[in-house]
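*Asks:* The file below is data.cif, mmCIF, C-alpha atoms:
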```
data_model
#
loop_
_atom_site.label_atom_id
_atom_site.label_comp_id
_atom_site.auth_asym_id
_atom_site.auth_seq_id
_atom_site.Cartn_x
_atom_site.Cartn_y
_atom_site.Cartn_z
CA MET A 1 65.16 102.66 163.18
CA ILE A 2 67.38 104.42 165.69
CA GLY A 3 69.43 107.23 164.17
CA PRO A 4 71.68 109.04 166.69
CA GLU A 5 74.63 107.45 168.44
CA ALA A 6 73.78 108.47 172.03
CA PRO A 7 70.53 106.45 172.28
CA LEU A 8 72.26 103.43 170.72
CA VAL A 9 75.13 103.59 173.20
CA ALA A 10 72.57 104.04 176.01
CA GLY A 11 70.82 100.80 175.00
CA LEU A 12 67.66 101.97 173.25
CA ALA A 13 67.80 99.10 170.75
CA ASP A 14 67.92 96.62 173.65
CA ASP A 15 64.97 98.28 175.40
CA VAL A 16 62.84 98.44 172.25
CA ALA A 17 63.58 94.80 171.44
CA ALA A 18 62.72 93.81 175.02
CA ALA A 19 59.32 95.44 174.49
CA GLY A 20 58.74 93.16 171.51
CA ILE A 21 59.38 95.79 168.83
CA ARG A 22 61.76 95.04 166.01
CA ALA A 23 64.58 97.59 166.13
CA PHE A 24 67.26 98.42 163.58
CA GLY A 25 70.48 99.33 165.36
CA PRO A 26 73.14 97.63 167.46
CA SER A 27 72.87 96.65 171.09
CA ALA A 28 74.50 98.84 173.72
CA ALA A 29 77.37 96.36 173.94
CA ALA A 30 77.96 96.43 170.19
CA ALA A 31 77.51 100.21 170.01
CA GLN A 32 80.69 100.55 172.07
CA LEU A 33 82.46 100.46 168.72
CA GLU A 34 81.50 104.14 168.59
CA GLY A 35 80.81 104.85 172.24
CA SER A 36 84.35 103.98 173.36
CA LYS A 37 87.33 104.69 171.14
CA LYS A 38 89.41 102.60 173.51
CA PHE A 39 87.10 99.62 172.97
CA MET A 40 87.25 100.08 169.18
CA LYS A 41 91.04 100.37 169.12
CA ASP A 42 91.44 97.37 171.41
CA VAL A 43 89.23 95.30 169.08
CA CYS A 44 91.35 96.39 166.13
CA LYS A 45 94.56 95.43 167.92
CA LYS A 46 93.25 92.06 169.07
CA TYR A 47 91.80 91.03 165.70
CA ASN A 48 94.41 92.53 163.37
CA ILE A 49 92.22 95.23 161.84
CA PRO A 50 94.45 97.86 160.19
CA THR A 51 94.51 101.08 162.21
CA ALA A 52 96.93 103.61 163.68
CA ALA A 53 99.24 102.73 166.58
CA TYR A 54 97.86 104.05 169.89
CA GLU A 55 97.88 104.10 173.67
CA THR A 56 95.09 104.94 176.12
CA PHE A 57 95.43 107.18 179.19
CA THR A 58 93.49 108.49 182.15
CA GLU A 59 96.48 110.20 183.79
CA PRO A 60 97.63 113.42 182.05
CA ASN A 61 101.36 113.23 182.84
CA ALA A 62 101.61 109.72 181.40
CA ALA A 63 99.80 110.84 178.25
CA LYS A 64 102.09 113.84 177.83
CA GLU A 65 105.20 111.74 178.33
CA TYR A 66 104.01 109.38 175.58
CA ILE A 67 103.36 112.37 173.30
CA ARG A 68 106.90 113.69 173.88
CA GLN A 69 108.30 110.27 173.01
CA GLN A 70 106.28 110.01 169.80
CA GLY A 71 106.56 113.60 168.57
CA ALA A 72 104.13 115.51 166.36
CA PRO A 73 101.91 115.57 164.43
CA ILE A 74 99.89 113.30 166.69
CA VAL A 75 96.19 112.76 167.40
CA VAL A 76 94.43 113.11 170.76
CA LYS A 77 90.88 111.73 171.04
CA ALA A 78 88.30 111.77 173.79
CA SER A 79 87.38 108.12 174.17
CA GLY A 80 83.66 108.74 174.68
CA LEU A 81 80.97 110.44 172.61
CA ALA A 82 81.74 114.11 171.95
CA ALA A 83 79.35 114.98 169.08
CA GLY A 84 82.11 114.70 166.47
CA LYS A 85 84.27 117.33 168.18
CA GLY A 86 86.47 115.19 170.43
CA VAL A 87 89.39 114.70 168.03
CA ILE A 88 92.39 117.03 168.06
CA VAL A 89 94.95 116.64 165.27
CA ALA A 90 97.89 118.34 166.98
CA GLN A 91 100.64 119.78 164.83
CA SER A 92 103.01 120.24 167.78
CA VAL A 93 103.83 118.48 171.03
CA GLU A 94 102.66 121.56 172.92
CA GLU A 95 99.27 121.52 171.20
CA ALA A 96 98.84 117.82 171.94
CA CYS A 97 99.75 118.29 175.60
CA GLN A 98 97.26 121.15 175.84
CA ALA A 99 94.57 118.88 174.37
CA VAL A 100 95.35 116.28 177.05
CA ASP A 101 95.02 118.91 179.77
CA ASP A 102 91.80 120.24 178.26
CA MET A 103 90.24 116.76 178.30
CA LEU A 104 91.68 115.09 181.39
CA VAL A 105 92.09 118.13 183.64
CA GLY A 106 89.71 120.75 182.28
CA ALA A 107 86.93 118.24 181.46
CA MET A 108 86.29 119.94 178.11
CA PHE A 109 84.15 116.99 177.02
CA GLY A 110 82.93 115.92 180.46
CA GLU A 111 82.86 112.20 181.12
CA ALA A 112 83.52 111.51 177.41
CA GLY A 113 87.00 112.95 177.83
CA SER A 114 87.89 111.28 181.12
CA GLN A 115 89.90 108.78 179.10
CA VAL A 116 91.92 109.72 176.01
CA VAL A 117 93.33 107.78 173.11
CA VAL A 118 96.63 109.15 171.79
CA GLU A 119 97.36 107.75 168.37
CA GLU A 120 99.69 107.90 165.42
CA PHE A 121 98.92 110.58 162.84
CA LEU A 122 97.97 109.01 159.52
CA ASP A 123 98.26 111.07 156.36
CA GLY A 124 96.48 110.36 153.11
CA GLU A 125 92.91 110.94 151.92
CA GLU A 126 89.93 110.35 154.18
CA ALA A 127 86.77 108.57 153.10
CA SER A 128 83.79 106.86 154.67
CA PHE A 129 82.45 103.42 153.84
CA PHE A 130 79.10 101.98 154.87
CA ALA A 131 77.88 98.42 155.18
CA LEU A 132 74.84 96.63 156.57
CA VAL A 133 75.83 93.94 159.06
CA ASP A 134 73.58 91.21 160.46
CA GLY A 135 76.03 89.71 162.91
CA ARG A 136 78.17 87.58 160.61
CA ASN A 137 77.18 88.70 157.10
CA ALA A 138 77.72 92.12 155.59
CA VAL A 139 76.45 93.92 152.49
CA ALA A 140 78.42 96.85 151.14
CA LEU A 141 76.41 100.04 150.76
CA ALA A 142 78.50 102.85 149.29
CA SER A 143 81.40 105.18 149.93
CA ALA A 144 81.30 108.87 150.71
CA GLN A 145 83.64 111.67 151.64
CA ASP A 146 82.67 114.34 154.12
CA HIS A 147 84.19 117.69 155.07
CA LYS A 148 84.74 117.98 158.82
CA ALA A 149 86.57 121.31 158.98
CA VAL A 150 84.36 124.38 159.20
CA GLY A 151 86.30 126.48 156.68
CA ASP A 152 86.98 126.35 152.97
CA GLY A 153 90.14 124.48 152.11
CA ASP A 154 89.59 122.23 155.13
CA THR A 155 90.64 124.93 157.58
CA GLY A 156 89.43 125.77 161.07
CA PRO A 157 87.98 123.57 163.81
CA ASN A 158 86.25 120.28 163.18
CA THR A 159 82.47 120.05 163.07
CA GLY A 160 79.89 117.30 162.76
CA GLY A 161 80.25 117.71 158.98
CA MET A 162 79.84 120.65 156.60
CA GLY A 163 79.03 118.60 153.52
CA ALA A 164 79.68 115.33 151.74
CA TYR A 165 79.55 113.58 148.40
CA SER A 166 79.09 110.01 147.22
CA PRO A 167 80.70 107.98 145.81
CA ALA A 168 84.23 108.85 146.94
CA PRO A 169 86.53 108.37 143.92
CA VAL A 170 89.44 107.46 146.19
CA VAL A 171 87.56 104.27 147.18
CA THR A 172 88.41 102.16 144.15
CA PRO A 173 86.97 98.65 143.66
CA GLU A 174 90.26 97.26 144.99
CA ILE A 175 90.10 99.39 148.12
CA GLU A 176 86.42 98.51 148.63
CA ALA A 177 87.35 94.81 148.52
CA GLN A 178 90.14 95.39 151.06
CA VAL A 179 87.83 97.37 153.36
CA MET A 180 85.13 94.72 153.27
CA ASP A 181 87.61 91.91 153.93
CA GLU A 182 90.04 93.46 156.43
CA ILE A 183 87.81 95.98 158.22
CA VAL A 184 84.06 95.34 157.89
CA LEU A 185 83.93 91.53 157.93
CA ARG A 186 86.84 91.28 160.36
CA THR A 187 85.03 93.66 162.72
CA ALA A 188 81.81 91.64 162.41
CA GLU A 189 83.68 88.42 163.21
CA ALA A 190 85.46 90.12 166.12
CA MET A 191 82.19 91.28 167.66
CA VAL A 192 80.77 87.77 167.47
CA SER A 193 83.90 86.48 169.20
CA GLU A 194 83.56 89.19 171.87
CA GLY A 195 80.00 88.04 172.60
CA CYS A 196 78.25 91.12 171.26
CA PRO A 197 77.31 90.56 167.60
CA PHE A 198 76.88 93.77 165.62
CA ARG A 199 73.60 94.29 163.76
CA GLY A 200 73.02 97.57 161.99
CA VAL A 201 74.93 100.04 159.84
CA LEU A 202 78.67 99.95 160.27
CA PHE A 203 80.26 103.22 159.17
CA ALA A 204 84.04 102.91 158.74
CA GLY A 205 86.00 106.15 158.72
CA LEU A 206 89.06 105.48 156.58
CA MET A 207 92.45 106.97 155.79
CA ILE A 208 93.68 105.86 152.39
CA LYS A 209 97.26 106.03 151.17
CA ASN A 210 99.15 104.13 148.49
CA GLY A 211 96.11 102.05 147.63
CA LYS A 212 95.50 100.78 151.18
CA ALA A 213 92.93 101.81 153.79
CA LYS A 214 93.36 102.00 157.56
CA LEU A 215 90.52 102.44 160.02
CA LEU A 216 90.30 105.82 161.77
CA GLU A 217 87.04 105.18 163.58
CA HIS A 218 83.83 103.21 163.54
CA ASN A 219 80.40 104.78 163.77
CA VAL A 220 77.39 102.55 164.37
CA ARG A 221 74.79 104.41 162.31
CA PHE A 222 74.16 106.27 159.10
CA GLY A 223 76.19 109.47 159.36
CA ASP A 224 75.09 113.03 158.80
CA PRO A 225 75.75 114.49 156.21
CA GLU A 226 76.78 111.29 154.41
CA CYS A 227 73.38 109.61 154.75
CA GLN A 228 71.59 112.21 152.65
CA GLY A 229 73.74 111.46 149.63
CA LEU A 230 73.47 107.70 150.12
CA MET A 231 69.68 107.90 150.20
CA ALA A 232 69.64 110.09 147.09
CA ARG A 233 71.74 107.51 145.22
CA LEU A 234 69.94 104.40 146.46
CA ASP A 235 67.96 103.04 143.52
CA SER A 236 64.89 102.16 145.55
CA ASP A 237 61.35 103.42 145.94
CA LEU A 238 61.18 104.05 149.66
CA LEU A 239 57.39 104.48 149.65
CA ALA A 240 57.07 101.08 147.99
CA ALA A 241 59.56 99.77 150.51
CA LEU A 242 57.40 100.97 153.37
CA MET A 243 54.37 99.27 151.84
CA GLN A 244 56.18 96.09 150.89
CA GLY A 245 58.66 95.78 153.72
CA LEU A 246 57.03 92.68 155.14
CA MET A 247 56.78 90.97 151.75
CA ALA A 248 59.33 88.86 149.90
CA ARG A 249 62.92 90.00 149.63
CA LEU A 250 63.32 92.63 146.94
CA ASP A 251 66.71 93.35 145.35
CA SER A 252 66.32 97.11 145.80
CA ASP A 253 64.19 97.22 148.94
CA LEU A 254 66.06 99.13 151.62
CA LEU A 255 63.53 98.48 154.35
CA ALA A 256 63.57 94.76 153.65
CA ALA A 257 67.36 94.84 153.83
CA LEU A 258 67.26 96.65 157.16
CA MET A 259 64.81 94.11 158.53
CA GLN A 260 66.99 91.24 157.31
CA ALA A 261 69.98 92.85 159.02
CA CYS A 262 67.96 92.83 162.27
CA ASP A 263 67.11 89.18 161.78
CA GLY A 264 70.55 87.90 160.74
CA GLU A 265 69.47 87.14 157.17
CA LEU A 266 71.58 89.45 154.97
CA SER A 267 73.35 86.75 152.97
CA SER A 268 70.93 87.00 150.02
CA VAL A 269 70.42 90.77 149.97
CA LYS A 270 71.55 92.91 147.04
CA LEU A 271 71.12 96.65 146.73
CA SER A 272 71.42 98.69 143.56
CA TRP A 273 72.65 102.25 143.21
CA LYS A 274 72.07 105.04 140.74
CA PRO A 275 75.12 105.83 138.60
CA GLU A 276 74.91 109.52 139.43
CA ALA A 277 77.00 111.27 142.06
CA ALA A 278 75.34 112.98 145.02
CA LEU A 279 76.59 116.03 146.91
CA THR A 280 75.30 117.67 150.10
CA VAL A 281 76.03 121.22 151.27
CA VAL A 282 75.31 121.82 154.95
CA MET A 283 73.92 125.23 155.83
CA ALA A 284 74.85 126.00 159.43
CA ALA A 285 74.06 128.81 161.83
CA ALA A 286 76.63 131.61 161.68
CA GLY A 287 79.17 131.05 164.44
CA TYR A 288 78.94 127.24 164.42
CA PRO A 289 80.73 125.20 165.78
CA GLY A 290 81.10 127.93 168.40
CA SER A 291 78.21 129.92 169.83
CA TYR A 292 75.34 130.77 167.50
CA LYS A 293 71.86 132.25 167.60
CA LYS A 294 68.69 130.22 167.44
CA GLY A 295 65.33 131.37 166.13
CA THR A 296 66.67 133.16 163.05
CA PRO A 297 64.18 133.15 160.12
CA ILE A 298 64.64 130.97 157.03
CA ASN A 299 62.73 131.60 153.80
CA PHE A 300 62.78 129.97 150.41
CA THR A 301 63.00 132.65 147.72
CA ASP A 302 62.32 130.13 144.95
CA ALA A 303 61.27 126.54 144.67
CA VAL A 304 64.39 124.43 145.10
CA SER A 305 64.18 122.56 141.82
CA THR A 306 67.78 121.34 141.59
CA ALA A 307 68.09 119.69 145.00
CA LYS A 308 66.36 118.19 148.01
CA VAL A 309 66.58 120.07 151.31
CA PHE A 310 66.91 117.91 154.42
CA HIS A 311 65.93 119.68 157.64
CA ALA A 312 68.15 118.86 160.61
CA GLY A 313 67.79 121.82 162.95
CA THR A 314 64.62 123.74 162.10
CA ALA A 315 61.36 124.56 163.86
CA LEU A 316 58.25 126.69 163.39
CA ASP A 317 57.85 129.68 165.70
CA ALA A 318 54.53 130.84 167.15
CA SER A 319 53.66 132.65 163.92
CA GLY A 320 54.44 129.66 161.72
CA GLN A 321 57.75 131.07 160.48
CA LEU A 322 60.46 128.52 159.74
CA VAL A 323 63.44 129.23 162.02
CA ALA A 324 66.81 127.71 162.81
CA SER A 325 66.92 125.66 166.00
CA GLY A 326 70.39 124.11 165.87
CA GLY A 327 73.95 124.41 164.63
CA ARG A 328 73.88 122.39 161.43
CA VAL A 329 70.46 123.24 160.09
CA LEU A 330 69.87 122.28 156.42
CA GLY A 331 71.41 119.68 154.11
CA VAL A 332 70.99 120.70 150.47
CA THR A 333 71.47 117.53 148.42
CA ALA A 334 71.62 117.13 144.64
CA LEU A 335 72.37 114.45 142.07
CA GLY A 336 74.42 114.95 138.91
CA LYS A 337 76.01 112.93 136.14
CA ASP A 338 79.30 113.46 137.96
CA VAL A 339 80.42 115.19 141.14
CA ALA A 340 80.95 118.52 139.37
CA ALA A 341 77.36 118.52 138.10
CA ALA A 342 76.06 117.49 141.53
CA GLN A 343 78.10 120.29 143.13
CA GLU A 344 76.65 122.88 140.74
CA ALA A 345 73.09 121.69 141.34
CA ALA A 346 73.50 121.69 145.14
CA TYR A 347 74.83 125.25 145.22
CA GLU A 348 71.99 126.35 142.94
CA GLY A 349 69.69 124.97 145.61
CA VAL A 350 71.52 126.93 148.30
CA LYS A 351 70.95 130.15 146.34
CA ALA A 352 67.18 129.65 146.63
CA ILE A 353 67.33 129.78 150.45
CA ASP A 354 67.13 133.19 152.13
CA TRP A 355 68.73 132.85 155.54
CA ALA A 356 70.80 135.86 156.55
CA ASP A 357 72.31 134.20 159.62
CA SER A 358 73.67 131.17 157.79
CA TYR A 359 77.14 129.95 156.97
CA TYR A 360 78.19 127.27 154.50
CA ARG A 361 81.37 126.17 152.83
CA LYS A 362 81.79 127.16 149.20
CA ASP A 363 84.01 124.23 148.18
CA ILE A 364 82.22 121.00 149.07
CA GLY A 365 83.50 118.27 146.78
CA TRP A 366 86.70 120.08 145.85
CA ARG A 367 88.92 117.01 145.93
CA ALA A 368 86.65 114.96 143.69
CA VAL A 369 86.08 117.86 141.30
CA ALA A 370 89.84 118.42 141.01
CA ARG A 371 90.38 114.71 140.36
CA LEU A 372 87.65 114.74 137.72
CA LYS A 373 89.24 117.69 135.92
CA GLN A 374 92.61 115.96 135.92
CA GLU A 375 91.07 112.85 134.41
CA GLN A 376 89.29 114.91 131.74
CA HIS A 377 92.54 116.62 130.74
CA ALA A 378 94.67 113.49 130.88
#
```
Show this structure as structure tokens.

*Replies:*
Amino acid sequence: MIGPEAPLVAGLADDVAAAGIRAFGPSAAAAQLEGSKKFMKDVCKKYNIPTAAYETFTEPNAAKEYIRQQGAPIVVKASGLAAGKGVIVAQSVEEACQAVDDMLVGAMFGEAGSQVVVEEFLDGEEASFFALVDGRNAVALASAQDHKAVGDGDTGPNTGGMGAYSPAPVVTPEIEAQVMDEIVLRTAEAMVSEGCPFRGVLFAGLMIKNGKAKLLEHNVRFGDPECQGLMARLDSDLLAALMQGLMARLDSDLLAALMQACDGELSSVKLSWKPEAALTVVMAAAGYPGSYKKGTPINFTDAVSTAKVFHAGTALDASGQLVASGGRVLGVTALGKDVAAAQEAAYEGVKAIDWADSYYRKDIGWRAVARLKQEQHA
């Protein structure tokens, strides 16, 4: 099972399959849904998948002229992979033009920014939706909502994700049906028509307004930090799945479902989910997404009884001390009867971690908690 986007775009799934090993993840051709924003937007335009209006540029003056015609706010995206940091939501024409120069002239994102997509700014509420796709068939997984901005109140620069929760209340059953029909299944059919069927996890980044969703982006994998919450909510015994993955199809067997997605046999798969909400708080190195120190010690003052701690950027030093080795380092994930209870449990877990050089947002889940309080007082 191939996790990160870069190996998928580079063709690892193709190479593994060529070696006779069953691989879960799209081919390099299909992974262009994430690897090239131009490719993804062109697919949307050709197959009538709802998304923002856009144009693509390699020449900075042409891009800036288009920006002046459209006005602000407006969005400038590096077309290639930029580790979740290649999107600039510009509030002014000047800021957008500077983003174009940074990418096309200053090579801020290297080859990934040698082509830019300039697109309409969509307002509303963001959410993520996940589905397993086997080429033509798709099975809905669950929704989530992440927090890209580094600061509380969704302020500051974007990151790879400072936390997430699942399910996302904004994704109602009606919106889920629209997303499956107009975005997920339409994308699957489009990729078959383009000669590169998609097999794997399709992660649709959505903007939702007035009861309708538009596609912001496709990722071709389980996302971080959304995946942690999805796995916490999945009502499956993963150890049993590992042992029974080659046996008959099981309604709650994730591994069997992944294998059936590889083999184009998803039509009979059903997955069940726990009713609880899940919430993940990302503990990052102080300074992230800018410069930060590595090798800082992490200790657990108490057993983390209220949450699970997923390690993303940790290592052991020569003395056996747990240390930070990346930017986003720990994902503290908890379940609760609702998102407020999951939020409380996750932050209780954070309190048990002694890491002086850490930073984390204090408000993960704020939208869903506010919505819950409104419903309770209605």

*Asks:* Of the residues A:Glu226, A:Asp146, A:Glu125, A:Asp134, which is the one nearest to A:Leu185, using all atoms listed in the file?

*Replies:*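 Closest residue, counting all atoms listed in the file: A:Asp134.
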
*Asks:* Using the chain letters and numbering of this document, enumerate as a list of chain:residue names the residues selected by the PyMOL selection byres ((chain A and resi 81-95) around 8).

*Replies:*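 Taken on the displayed file, the PyMOL selection byres ((chain A and resi 81-95) around 8) yields the residues A:Ala6, A:Glu34, A:Gly35, A:Ser36, A:Ile67, A:Arg68, A:Gly71, A:Ala72, A:Pro73, A:Ile74, A:Val75, A:Val76, A:Lys77, A:Ala78, A:Ser79, A:Gly80, A:Ala96, A:Cys97, A:Gln98, A:Ala99, A:Phe109, A:Ala112, A:Gly113, A:Phe121, A:Asn158, A:Thr159, A:Gly160.
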
*Asks:* Give me, as an mmCIF file with C-alpha atoms, in the frame of the given file, all polymer residues having an atom no more than 8 Å from A:Asp14, counting only C-alpha atoms and skipping those fewer than 3 positions away in the same chain.

*Replies:*
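Printed below is out-v3.cif as written:
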```
data_model
loop_
_atom_site.group_PDB
_atom_site.id
_atom_site.type_symbol
_atom_site.label_atom_id
_atom_site.label_comp_id
_atom_site.auth_asym_id
_atom_site.auth_seq_id
_atom_site.Cartn_x
_atom_site.Cartn_y
_atom_site.Cartn_z
ATOM 1 C CA GLY A 11 70.820 100.800 175.000
ATOM 2 C CA ALA A 17 63.580 94.800 171.440
ATOM 3 C CA ALA A 18 62.720 93.810 175.020
ATOM 4 C CA SER A 27 72.870 96.650 171.090
ATOM 5 C CA ALA A 28 74.500 98.840 173.720
#
```

*Asks:* For each of A:Ala318, A:Ala140, A:Ala278, A:Met162, take the minimum atom-to-atom distance to A:Tyr359, counting only C-alpha atoms, then give the residue where this is smallest.

*Replies:*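 Ranking A:Ala318, A:Ala140, A:Ala278, A:Met162 by distance to A:Tyr359, first place goes to A:Met162.
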
*Asks:* Could you pull the residues within 8 Å of A:Leu230, counting only C-alpha atoms, minus those fewer than 3 positions along the same chain, as a list of chain:residue names?

*Replies:*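 That gives A:Ala142, A:Ala144, A:Ser166, A:Glu226, A:Cys227, A:Arg233, A:Leu234, A:Ala278.
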
*Asks:* What does the structure give for the distance between atom CA of A:Ala23 and atom CA of A:Pro4, in Å to one decimal?

*Replies:*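 The value is 13.5 Å.
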
*Asks:* Apply the PyMOL selection byres ((chain A and resi 299) around 12) to the file shown and report the selected residues as a list in words.

*Replies:*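 That selection, the PyMOL selection byres ((chain A and resi 299) around 12), comes back as Thr296, Pro297, Ile298, Phe300, Thr301, Asp302, Ala303, Val304, Thr314, Leu316, Gly320, Gln321, Leu322, Val323, Ala324, Val350, Lys351, Ala352, Ile353, Asp354, Trp355, Ala356, Asp357 and Ser358 of chain A.
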
*Asks:* Evaluate the PyMOL selection byres ((chain A and resi 306) around 10) here and jot the selected residues down as a list in words.

*Replies:*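 That expression, the PyMOL selection byres ((chain A and resi 306) around 10), corresponds here to Ala303, Val304, Ser305, Ala307, Lys308, Val309, Val332, Thr333, Ala334, Leu335, Gly336, Ala342, Glu344, Ala345, Ala346, Tyr347, Glu348, Gly349, Val350 and Ala352 of chain A.
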
*Asks:* Limited to C-alpha atoms, could you put the picked residues into a file as a PDB file, keeping the file's coordinate frame?

*Replies:*
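Here's the written file selection.pdb:
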```pdb
ATOM      1  CA  ALA A 303      61.270 126.540 144.670  1.00  0.00           C
ATOM      2  CA  VAL A 304      64.390 124.430 145.100  1.00  0.00           C
ATOM      3  CA  SER A 305      64.180 122.560 141.820  1.00  0.00           C
ATOM      4  CA  ALA A 307      68.090 119.690 145.000  1.00  0.00           C
ATOM      5  CA  LYS A 308      66.360 118.190 148.010  1.00  0.00           C
ATOM      6  CA  VAL A 309      66.580 120.070 151.310  1.00  0.00           C
ATOM      7  CA  VAL A 332      70.990 120.700 150.470  1.00  0.00           C
ATOM      8  CA  THR A 333      71.470 117.530 148.420  1.00  0.00           C
ATOM      9  CA  ALA A 334      71.620 117.130 144.640  1.00  0.00           C
ATOM     10  CA  LEU A 335      72.370 114.450 142.070  1.00  0.00           C
ATOM     11  CA  GLY A 336      74.420 114.950 138.910  1.00  0.00           C
ATOM     12  CA  ALA A 342      76.060 117.490 141.530  1.00  0.00           C
ATOM     13  CA  GLU A 344      76.650 122.880 140.740  1.00  0.00           C
ATOM     14  CA  ALA A 345      73.090 121.690 141.340  1.00  0.00           C
ATOM     15  CA  ALA A 346      73.500 121.690 145.140  1.00  0.00           C
ATOM     16  CA  TYR A 347      74.830 125.250 145.220  1.00  0.00           C
ATOM     17  CA  GLU A 348      71.990 126.350 142.940  1.00  0.00           C
ATOM     18  CA  GLY A 349      69.690 124.970 145.610  1.00  0.00           C
ATOM     19  CA  VAL A 350      71.520 126.930 148.300  1.00  0.00           C
ATOM     20  CA  ALA A 352      67.180 129.650 146.630  1.00  0.00           C
TER      21      ALA A 352
END
```

*Asks:* Name the closest residue to A:Gly25 among the candidates A:Met231, A:Val329, A:Leu258, A:Val116; distances are taken between atoms, counting all atoms listed in the file.

*Replies:*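 Nearest candidate to A:Gly25 out of A:Met231, A:Val329, A:Leu258, A:Val116: A:Leu258.
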
*Asks:* Could you please determine the separation between atom CA of A:Ala213 and atom CA of A:Val179 in Å, to one decimal place?

*Replies:*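 So the answer is 6.8 Å.
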
*Asks:* Could you check the closest approach to A:Lys38 for each of A:Thr51, A:Asn61, A:Thr172, A:Gln115 and tell me which residue wins, using all atoms listed in the file?

*Replies:*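 Among the listed residues, the smallest separation from A:Lys38 belongs to A:Gln115.
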
*Asks:* In terms of the shortest atom-to-atom distance over all atoms listed in the file, which of A:Gly295, A:Pro275, A:Gly151, A:Pro173 is closest to A:Tyr360?

*Replies:*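 The closest residue to A:Tyr360 is A:Gly151.
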
*Asks:* Could you tell me how far atom CA of A:Ala312 lies from atom CA of A:Gln228, in Å and to one decimal?

*Replies:*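 Going from atom CA of A:Ala312 over to atom CA of A:Gln228, I get 10.9 Å.
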
*Asks:* Using only C-alpha atoms, which of the listed residues (A:Phe130, A:Val100, A:Val105, A:Gln178) sits closest to A:Gly223?

*Replies:*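 For A:Gly223, the nearest of the given residues is A:Phe130.
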
*Asks:* Please report, as JSON, the centre and edge lengths in Å to one decimal of an axis-aligned box covering all listed atoms of stretch 217-227 of chain A with 6 Å per side.

*Replies:*
```
{"center_x": 80.2, "center_y": 108.5, "center_z": 159.4, "size_x": 25.7, "size_y": 23.9, "size_z": 22.0}
```

*Asks:* Counting only C-alpha atoms, find the residues whose atoms lie at most 9 Å from (98.8, 114.1, 181.9) (file coordinates) and write them out as number ranges by chain.

*Replies:* A: 57-65, 97, 100-101, 104-105

*Asks:* Got a sec: who's within 7 Å of A:Phe203, counting all atoms listed in the file, leaving out chain neighbours fewer than 3 positions off, as a PyMOL selection string?

*Replies:* chain A and resi 128-131+218-222

*Asks:* Residues around (95.5, 93.5, 158.9), cut-off 12 Å, counting all atoms listed in the file - what are they as a ChimeraX atom specification?

*Replies:* /A:44-52,178-187,212-215

*Asks:* Write the residues you've just listed into a file as a compact mmCIF listing (two decimals), in the frame of the given file, and include C-alpha atoms for each of them.

*Replies:*
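Below is the file again.txt, written as the result:
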```txt
# COMPACT_ATOMS: atom_id res chain seq x y z
CA CYS A 44 91.35 96.39 166.13
CA LYS A 45 94.56 95.43 167.92
CA LYS A 46 93.25 92.06 169.07
CA TYR A 47 91.80 91.03 165.70
CA ASN A 48 94.41 92.53 163.37
CA ILE A 49 92.22 95.23 161.84
CA PRO A 50 94.45 97.86 160.19
CA THR A 51 94.51 101.08 162.21
CA ALA A 52 96.93 103.61 163.68
CA GLN A 178 90.14 95.39 151.06
CA VAL A 179 87.83 97.37 153.36
CA MET A 180 85.13 94.72 153.27
CA ASP A 181 87.61 91.91 153.93
CA GLU A 182 90.04 93.46 156.43
CA ILE A 183 87.81 95.98 158.22
CA VAL A 184 84.06 95.34 157.89
CA LEU A 185 83.93 91.53 157.93
CA ARG A 186 86.84 91.28 160.36
CA THR A 187 85.03 93.66 162.72
CA LYS A 212 95.50 100.78 151.18
CA ALA A 213 92.93 101.81 153.79
CA LYS A 214 93.36 102.00 157.56
CA LEU A 215 90.52 102.44 160.02
```
